[in-house]
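Read the structure below first, then the notes.
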Amino acid sequence: MRNMEVVGNITNEPECQRKNAGILYRDDQKEFLINFFGYKNSLPYPSLFIYGHTSTGKTLLVSRLVDDLSLLHAWVNCHELCNPQLIFSSIIQQLSSGNAECKRSYNFCEFINFIKDNLKNENETTYLVFDCAEVLRKLDPFFLSVLIRIQELSEVNISSIFISELPWIKFRNQMFSFNPVSLHFPNYTKDQICDILALDCPSGYSVSFYEGYINVIMKTFFTVTRNLSELRHLAQANFEKYCEPLKEEPEDEISSMRLWKNIEPTLKKAMNSVYLRELSGSKWSKLCTVEQDKGKIQAASGDSFHMTRELPFYTKFLLLASYFASYNSPKTDFKHFVKNQGKQPSRRKCVKAEKNRHLLGPKPFPLDRMLAIFFAIVGEKVLPSAVIYSQVSSLVSMRLLHRISADEQLDCPKYKCLAELDLVEKIGKTVNLDVM
């Protein structure tokens, strides 16, 4: 087995130095990757593991390098491909340029044989890049071991690159005979984030004016999130509101205090929507219009329904099931959601009980109960899958559901529905389900 010195002795290609100059504060990482790639016909280390927190430039730097240097590679987003067969098929399709007939699934032996047959005469190094590699921890440990040792197993000029938010220690187990080379992307400092965000200065505004705005954003949100992508989204979404006083006074005469007083209510409301991306910047500015006569923010009444109307089909039924679980007694589930069961109560008693339930507010319910109601009302045979469970998390992020059990409680977590009756009725009409 080769040691780390093999990588360190690779000579840089001169053209590499001229490219990829637009990524700030990642010079050490760029130099490391350029040394790792070396010449196109060099034999690199079998595997490279890149890790660091989200929005630290890992994916951006690697993707730009492999594209600008025209490296032969296959890119896999592990969030999109959830099992080894799909990952193998995606790699084979990319490396064959769509010319080979690809089956729906490949096993380990077929994949290794494809690599041997199609890359044995290839002079250039082929790189397999696995973005969001932390997802691979949930798969068979043998699968990750194959990807790390693929150069050894196939005996061709190939290397695997893993991009993850978790360090290698979280992946390692007894099946790995050696460790990949590791490259860490540290978090950006506050000053570095300010410099990066200042690059987005719109045309028509001075750099000093936009830097002052970035300082306002950082002082407000840096204690809440240090995610560069989220801070950039917040800066772009609220800049139009920040510039409203410029319509009355020129930029060089207006005071920073007036700019702050104008945007302060909007930023306070934005504090409650950090990491929520249901609204674009233009819609957010319309939603957060400030009443001049009252001096407070009011939300448009129909925006909640407009936002949820675009939900996937099954997600709408999950929202309805959560509402039924929150406002119906568990004793009535069998009677309400199983056909031709039990005697129907009188209308007067039903209305009275319904009124009492809404006065008391939503009740917590276990996830199993909500899913049972979902499968009863969806009207077709739907098998439990990861997609269904992922939609529950989507409803939580949209604040239509609230998880009341601890995160450590993995066995049957409990939720509470936060959706209002008017919204649920409108959602029910879109799927032809009468809520009342």
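Ordering of the structure tokens sets the chain letters (A, B, ...); residue numbers start at 1 within each chain; ligands are numbered from 1 in the order shown.
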
With a cut-off of 10 Å, could you pull out the residues of segment 20-96 of chain A touching segment 117-120 of chain A and give me the nearest pair of atoms for each, distance in Å to one decimal, using only C-alpha atoms, ordered by chain and ascending number, as CSV?
residue,atom,partner,partner_atom,distance
A:Ile92,CA,A:Asn118,CA,9.7
A:Leu95,CA,A:Asn118,CA,8.5
A:Ser96,CA,A:Asn118,CA,8.1

Close residues, segment 133-146 of chain A itself excluded, 7 Å, only C-alpha atoms, min 2 positions apart in chain, as an MDAnalysis selection string: chainID A and resid 78:79 130:131 148:150 162:166 171 175:176

Close residues, segment 386-396 of chain A itself excluded, 12 Å, only C-alpha atoms, min 4 positions apart in chain, as an NGL selection string: :A and (79-80 or 82-83 or 275-278 or 307-308 or 311-323 or 367-368 or 370-371 or 374-375 or 382 or 400-404 or 413-419)

Sel. of alpha helix (DSSP H) residues, segment 35-143 of chain A, as JSON, numbers by chain: {"A": [35, 36, 37, 58, 59, 60, 61, 62, 63, 64, 65, 66, 67, 68, 84, 85, 86, 87, 88, 89, 90, 91, 92, 93, 94, 95, 108, 109, 110, 111, 112, 113, 114, 115, 116, 117, 118, 119, 141, 142, 143]}

Given only C-alpha atoms as the counted atoms, nearest of A:Ala198, A:Glu31, A:Trp260, A:Thr220 to Arg232 of chain A: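 Nearest to Arg232 of chain A: A:Ala198.
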
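Separating atom CA of His184 of chain A from atom CA of Gln29 of chain A is a distance of 8.0 Å.
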
Nearest to Val181 of chain A, chosen from A:Ser47, A:Ser89, A:Asn432, A:Ser203, with only C-alpha atoms counted in the distances: A:Ser47
